[in-house]
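Report on the following structure.
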Amino acid sequence: MGESHAAEAPAALRRRATLAAELGASLRPTDGTSAAALQSSLAADVSRGNVPPETVRAKSKSDKRKRRSDVSDRLSCHKTRESLLSSTSGYNNYRGILNWCVVMLVLSNARLFLENLLRYGVLVDPIQVIALFLNDPYRWPAACLVIVAGFLVHCINMAIMLTLPAAVVLSVPSVTPVGGAFVLGTYTILSLKLYSYKDVNMWCRELSMIKAKKLSRSLSCPSAQHFNEAGRKVCYPGNLTIRDMFYFVFAPTLCYELNFPRSPNVRMSFLLRRLLEMWMVPIIQSSMKPLEVPNHLLWLMFFYGFFHSSMNFTAELLCFGDRQFYNDWWNSETVTHFWQNWNIPVHKWCIRHFYKPLLRKGFSKIVSQSAVFFLSAFFHEYLVSVPLRMFRLWAFMGMMAQLPLAWFVGRFLHGNYGNAAVWISLIIGQPFAVLMYVHDYYVLHHIQEAD
């Protein structure tokens with residue numbers, strides 16, 4: 001009996017060491033420890049009996065599932081679903097709207113404050129404040145080198161698409177602010193789409209090199225609905241066609257994937273309702289006097305007209321199945337939840353092509369989130385300042401102020417109090433920045449006419 005146990009012991013130790021080696025090979029060190037040292041440590045733990053073989057097997061399977069899930073998330077971010085405000089979605093949670101009504105009652109007397117602020121203005125010039133920190137850039141040459149390094153190769157196309165229309169808007173006096181904002185918004189959307197197109201095809205190319213065979217498009221979206229006109233799924237690089245690219249350019253999404261979810265047909269009644277809504281919203285807006293209607297009400301009407309009516313109309317016309325252009329942001333109890341749910345296409349793009357790549361490169365969550373807000377603040381300022389031909393940084397500072405506001409609301413306010421705080425920020429925050437631009441724009445033009 002003793003000899004049989006002695007003969008079985010080395011075999012058991014070898015099995016445990018093999019399992020530990022397999023687990024070590026599947027893990028990536030995150031704290032600077034080498035892969036060989038990690039493997040050796042795991043093998044020693046298994047050999048001593050500190051780690052049961054079943055735990056090792058479960059951990060190995062869990063890591064494999066996590067890697068497969070990460071690849072799937074990178075390649076696919078759409079599925080067939082209806083917009084929340086559509087009658088077919090079955091959604092009925094509008095408690096945030098009730099909180100909005102309460103907030104409106106509380107802030108109904110704040111109009112006098114806003115009128116006085118618009119009349120007398122703000123005595124602090126944000127340009128002068130920032131200039132205090134930029135008087136001598138040669139004091140931080142290392143930071144300058146870091147800023148300009150690494151962006152030229154991958155972003156030259158996007159840089160041209162963002163700078164060329166801005167230069168035209170600034171240099172041609174006949175371009176109106178509305179026309180300039182429309183042009184810059186179009187070029188911004190197109191540049192983000194092309195960046196996503198480049199990223200996804202790069203991921204597919206890397207996977208095809210690893211597997212040494214073509215990547216099936218089924219990895220992009222597992223739904224059985226997603227077939228091309230011939231009823232077959234296309235393999236990479238078969239998706240690199242003009243037809244496929246043009247569909248993505250006009251599709252109501254910023255994130256490219258090889259297989260978009262598709263609806264079976266075009267519903268004419270649904271299409272006509274959205275078209276009617278698209279015409280009704282601007283008519284209602286034009287019938288209101290801006291000073292008699294709260295600014296954020298116009299913003300809410302824009303949200304419904306663009307994110308629900310317009311984008312659903314485009315999606316129905318193109319049989320685009322994923323209609324989640326927004327989520328229940330009106331119920332947001334934190335500022336972070338609001339920004340994650342009110343503009344789903346932009347949020348998906350930021351998470352997929354900016355936030356997660358920063359995490360994979362080793363940046364912390366706080367730094368990555370701050371970088372996302374900085375990028376969003378830049379585009380907000382870009383889309384407002386350039387068409388108005390004046391740079392006040394109100395939109396930029398309004399977006400960057402969301403970081404401390406998000407921390408404060410998330411830490412000290414919860415439930416309905418947090419939701420009320422979000423509504424207050426929506427009523428006073430970005431709409432206030434817009435009013436400041438409008439005020440400065442008219443003051444500047446009056447001065448020019450007087451001269």
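Residue numbering restarts at 1 for every chain of the structure tokens, chains are lettered A, B, ... in their displayed order, and ligands are numbered from 1 as they appear.
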
- Tell me which protein, DNA and RNA residues are within 12 Å of Asn341 (chain A), counting only C-alpha atoms, leaving out same-chain ones fewer than 2 positions away, and put them as a PyMOL selection string. chain A and resi 84+307+324-339+343-348

- Pick out the closest residue to Ser385 (chain A) from this set: A:Arg267, A:Gly180, A:Arg243, A:Ser196. Count only C-alpha atoms.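 Among the listed residues, the smallest separation from Ser385 (chain A) belongs to A:Gly180.
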
- Message: If we count only C-alpha atoms and set the cut-off at 10 Å, which residues sit around Met400 (chain A), ignoring sequence neighbours fewer than 6 positions away in its own chain? Please answer as number ranges by chain.
- Response: A: 370, 373-378

Store the residues picked out above in a file with N, CA, C and O atoms, as a tab-separated table (two decimals), in the first residue's frame.
chain	number	residue	atom	x	y	z
A	370	SER	N	-10.72	60.93	-17.22
A	370	SER	CA	-10.41	62.34	-17.40
A	370	SER	C	-10.05	62.64	-18.86
A	370	SER	O	-10.43	63.68	-19.40
A	373	PHE	N	-13.27	62.87	-20.89
A	373	PHE	CA	-13.93	64.16	-20.69
A	373	PHE	C	-13.17	65.28	-21.40
A	373	PHE	O	-13.79	66.21	-21.93
A	374	PHE	N	-11.84	65.19	-21.41
A	374	PHE	CA	-11.05	66.21	-22.11
A	374	PHE	C	-11.32	66.18	-23.60
A	374	PHE	O	-11.47	67.22	-24.25
A	375	LEU	N	-11.39	64.98	-24.18
A	375	LEU	CA	-11.69	64.85	-25.60
A	375	LEU	C	-13.08	65.40	-25.91
A	375	LEU	O	-13.28	66.12	-26.90
A	376	SER	N	-14.06	65.06	-25.07
A	376	SER	CA	-15.41	65.57	-25.26
A	376	SER	C	-15.45	67.08	-25.13
A	376	SER	O	-16.14	67.77	-25.89
A	377	ALA	N	-14.71	67.64	-24.17
A	377	ALA	CA	-14.67	69.09	-23.99
A	377	ALA	C	-14.06	69.77	-25.21
A	377	ALA	O	-14.53	70.85	-25.63
A	378	PHE	N	-13.04	69.15	-25.80
A	378	PHE	CA	-12.43	69.73	-26.99
A	378	PHE	C	-13.44	69.81	-28.13
A	378	PHE	O	-13.56	70.85	-28.80

- Query: Expressed in Å to a single decimal, how great is the separation between CA of Gly238 (chain A) and CA of Arg81 (chain A)?
  - Reply: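 Here the two named atoms are 26.8 Å from each other.
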
Give me the residues near Asp199 (chain A) as an mmCIF file with N, CA and C atoms, in the first residue's frame, where near means some atom within 10 Å (using only C-alpha atoms) and where sequence neighbours in that chain fewer than 2 positions away do not count.
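Below is the file out-v9.cif, written as the result:
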data_model
loop_
_atom_site.group_PDB
_atom_site.id
_atom_site.type_symbol
_atom_site.label_atom_id
_atom_site.label_comp_id
_atom_site.auth_asym_id
_atom_site.auth_seq_id
_atom_site.Cartn_x
_atom_site.Cartn_y
_atom_site.Cartn_z
ATOM 1 N N ARG A 74 -14.655 43.924 -28.495
ATOM 2 C CA ARG A 74 -13.923 44.829 -29.364
ATOM 3 C C ARG A 74 -14.483 44.805 -30.786
ATOM 4 N N LEU A 75 -14.969 43.641 -31.231
ATOM 5 C CA LEU A 75 -15.440 43.512 -32.603
ATOM 6 C C LEU A 75 -16.925 43.820 -32.751
ATOM 7 N N LYS A 193 -16.028 58.069 -37.422
ATOM 8 C CA LYS A 193 -16.387 56.830 -38.109
ATOM 9 C C LYS A 193 -15.161 56.198 -38.776
ATOM 10 N N LEU A 194 -14.363 57.010 -39.457
ATOM 11 C CA LEU A 194 -13.183 56.469 -40.141
ATOM 12 C C LEU A 194 -12.163 55.931 -39.151
ATOM 13 N N TYR A 195 -12.061 56.569 -37.986
ATOM 14 C CA TYR A 195 -11.154 56.054 -36.955
ATOM 15 C C TYR A 195 -11.620 54.682 -36.476
ATOM 16 N N SER A 196 -12.923 54.539 -36.272
ATOM 17 C CA SER A 196 -13.464 53.242 -35.861
ATOM 18 C C SER A 196 -13.268 52.200 -36.954
ATOM 19 N N TYR A 197 -13.477 52.601 -38.200
ATOM 20 C CA TYR A 197 -13.288 51.688 -39.331
ATOM 21 C C TYR A 197 -11.852 51.174 -39.373
ATOM 22 N N ASN A 201 -10.787 47.055 -38.434
ATOM 23 C CA ASN A 201 -10.084 46.278 -39.457
ATOM 24 C C ASN A 201 -8.664 45.928 -39.016
ATOM 25 N N MET A 202 -8.041 46.780 -38.228
ATOM 26 C CA MET A 202 -6.727 46.449 -37.677
ATOM 27 C C MET A 202 -6.824 45.273 -36.713
ATOM 28 N N TRP A 203 -7.879 45.275 -35.862
ATOM 29 C CA TRP A 203 -8.067 44.138 -34.955
ATOM 30 C C TRP A 203 -8.304 42.840 -35.733
ATOM 31 N N CYS A 204 -9.109 42.928 -36.780
ATOM 32 C CA CYS A 204 -9.360 41.739 -37.595
ATOM 33 C C CYS A 204 -8.085 41.244 -38.260
ATOM 34 N N ARG A 205 -7.266 42.165 -38.733
ATOM 35 C CA ARG A 205 -6.018 41.772 -39.375
ATOM 36 C C ARG A 205 -5.080 41.096 -38.377
ATOM 37 N N CYS A 255 -19.574 53.435 -34.387
ATOM 38 C CA CYS A 255 -18.738 52.251 -34.187
ATOM 39 C C CYS A 255 -18.945 51.265 -35.324
ATOM 40 N N TYR A 256 -17.867 50.932 -36.005
ATOM 41 C CA TYR A 256 -17.942 49.982 -37.111
ATOM 42 C C TYR A 256 -17.840 48.555 -36.584
ATOM 43 N N GLU A 257 -18.568 47.658 -37.223
ATOM 44 C CA GLU A 257 -18.374 46.234 -36.991
ATOM 45 C C GLU A 257 -18.700 45.481 -38.268
ATOM 46 N N ARG A 352 -14.989 52.185 -26.646
ATOM 47 C CA ARG A 352 -14.375 51.174 -27.511
ATOM 48 C C ARG A 352 -13.027 51.602 -28.078
ATOM 49 N N HIS A 353 -12.913 52.861 -28.469
ATOM 50 C CA HIS A 353 -11.733 53.307 -29.203
ATOM 51 C C HIS A 353 -10.847 54.275 -28.428
#

- By how many Å are CA of Ser368 (chain A) and CA of Gln402 (chain A) apart?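 According to the coordinates, CA of Ser368 (chain A) and CA of Gln402 (chain A) are separated by 14.7 Å.
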
- Message: List the spatial neighbours of Val175 (chain A) as a PyMOL selection string - criterion: any atom at most 12 Å away, only C-alpha atoms, same-chain residues fewer than 4 positions off excluded.
- Response: chain A and resi 165-171+179-184+386-389

- Query: Rounded to one decimal in Å, what is the spacing between CA of Met104 (chain A) and CA of Met301 (chain A)?
  - Reply: 16.2 Å

- Item | Non-local contacts of Ala401 (chain A) (12 Å; only C-alpha atoms; under 3 positions in same chain excluded) as a list in words |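 Contacts, in chain order: Val335, Ser370, Phe373, Phe374, Ser376, Ala377, Leu393, Trp394, Ala395, Phe396, Met397, Gly398, Pro404, Leu405, Ala406, Trp407, Phe408, Ser425, Gly429, Gln430 and Ala433 of chain A.
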
Please write the residues from the selection above to a file, keeping N, CA and C atoms, as a short mmCIF file (atom, residue, chain, number, x, y, z; two decimals), in the first residue's frame.
data_model
loop_
_atom_site.label_atom_id
_atom_site.label_comp_id
_atom_site.auth_asym_id
_atom_site.auth_seq_id
_atom_site.Cartn_x
_atom_site.Cartn_y
_atom_site.Cartn_z
N VAL A 335 -23.89 61.95 -12.30
CA VAL A 335 -23.50 62.63 -13.54
C VAL A 335 -22.86 61.64 -14.51
N SER A 370 -10.72 60.93 -17.22
CA SER A 370 -10.41 62.34 -17.40
C SER A 370 -10.05 62.64 -18.86
N PHE A 373 -13.27 62.87 -20.89
CA PHE A 373 -13.93 64.16 -20.69
C PHE A 373 -13.17 65.28 -21.40
N PHE A 374 -11.84 65.19 -21.41
CA PHE A 374 -11.05 66.21 -22.11
C PHE A 374 -11.32 66.18 -23.60
N SER A 376 -14.06 65.06 -25.07
CA SER A 376 -15.41 65.57 -25.26
C SER A 376 -15.45 67.08 -25.13
N ALA A 377 -14.71 67.64 -24.17
CA ALA A 377 -14.67 69.09 -23.99
C ALA A 377 -14.06 69.77 -25.21
N LEU A 393 -14.02 79.50 -24.51
CA LEU A 393 -13.79 78.29 -23.70
C LEU A 393 -14.91 78.02 -22.70
N TRP A 394 -16.10 78.59 -22.91
CA TRP A 394 -17.20 78.30 -21.99
C TRP A 394 -17.61 76.83 -22.08
N ALA A 395 -17.76 76.30 -23.29
CA ALA A 395 -18.15 74.90 -23.44
C ALA A 395 -17.08 73.96 -22.91
N PHE A 396 -15.82 74.30 -23.16
CA PHE A 396 -14.72 73.46 -22.68
C PHE A 396 -14.71 73.40 -21.15
N MET A 397 -14.82 74.55 -20.51
CA MET A 397 -14.81 74.56 -19.04
C MET A 397 -16.07 73.91 -18.47
N GLY A 398 -17.20 74.06 -19.19
CA GLY A 398 -18.42 73.41 -18.72
C GLY A 398 -18.29 71.90 -18.71
N PRO A 404 -15.35 67.26 -11.34
CA PRO A 404 -15.60 67.43 -9.90
C PRO A 404 -17.07 67.31 -9.54
N LEU A 405 -17.97 67.73 -10.45
CA LEU A 405 -19.40 67.58 -10.17
C LEU A 405 -19.78 66.11 -10.07
N ALA A 406 -19.24 65.27 -10.96
CA ALA A 406 -19.53 63.84 -10.91
C ALA A 406 -19.02 63.22 -9.61
N TRP A 407 -17.85 63.65 -9.16
CA TRP A 407 -17.32 63.13 -7.89
C TRP A 407 -18.20 63.55 -6.72
N PHE A 408 -18.62 64.82 -6.69
CA PHE A 408 -19.43 65.32 -5.58
C PHE A 408 -20.79 64.63 -5.52
N SER A 425 -27.92 70.47 -13.01
CA SER A 425 -26.74 70.69 -13.87
C SER A 425 -27.14 70.82 -15.33
N GLY A 429 -26.19 74.21 -16.42
CA GLY A 429 -24.84 73.94 -16.91
C GLY A 429 -24.60 74.32 -18.35
N GLN A 430 -24.72 73.33 -19.26
CA GLN A 430 -24.44 73.57 -20.66
C GLN A 430 -25.35 74.63 -21.29
N ALA A 433 -23.81 77.86 -20.63
CA ALA A 433 -22.64 78.10 -21.49
C ALA A 433 -23.08 78.57 -22.88
#

- Name the residues of region 190-435 of chain A that come out as strand (DSSP E or B) in a backbone DSSP run; write them as a ChimeraX atom specification. /A:215-216,235-236,262,320,322

- Task: Find the residue from A:His308, A:Arg65, A:Lys361, A:Lys233 that sits nearest to Leu85 (chain A); use only C-alpha atoms when measuring.
- Result: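 Of A:His308, A:Arg65, A:Lys361, A:Lys233, the one nearest Leu85 (chain A), counting only C-alpha atoms, is A:His308.
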
- Task: Choose the residue, out of A:Leu383, A:Ile242, A:Ile97, A:Ile210, that has the smallest atom-to-atom separation from Gly185 (chain A); count only C-alpha atoms.
- Result: A:Leu383
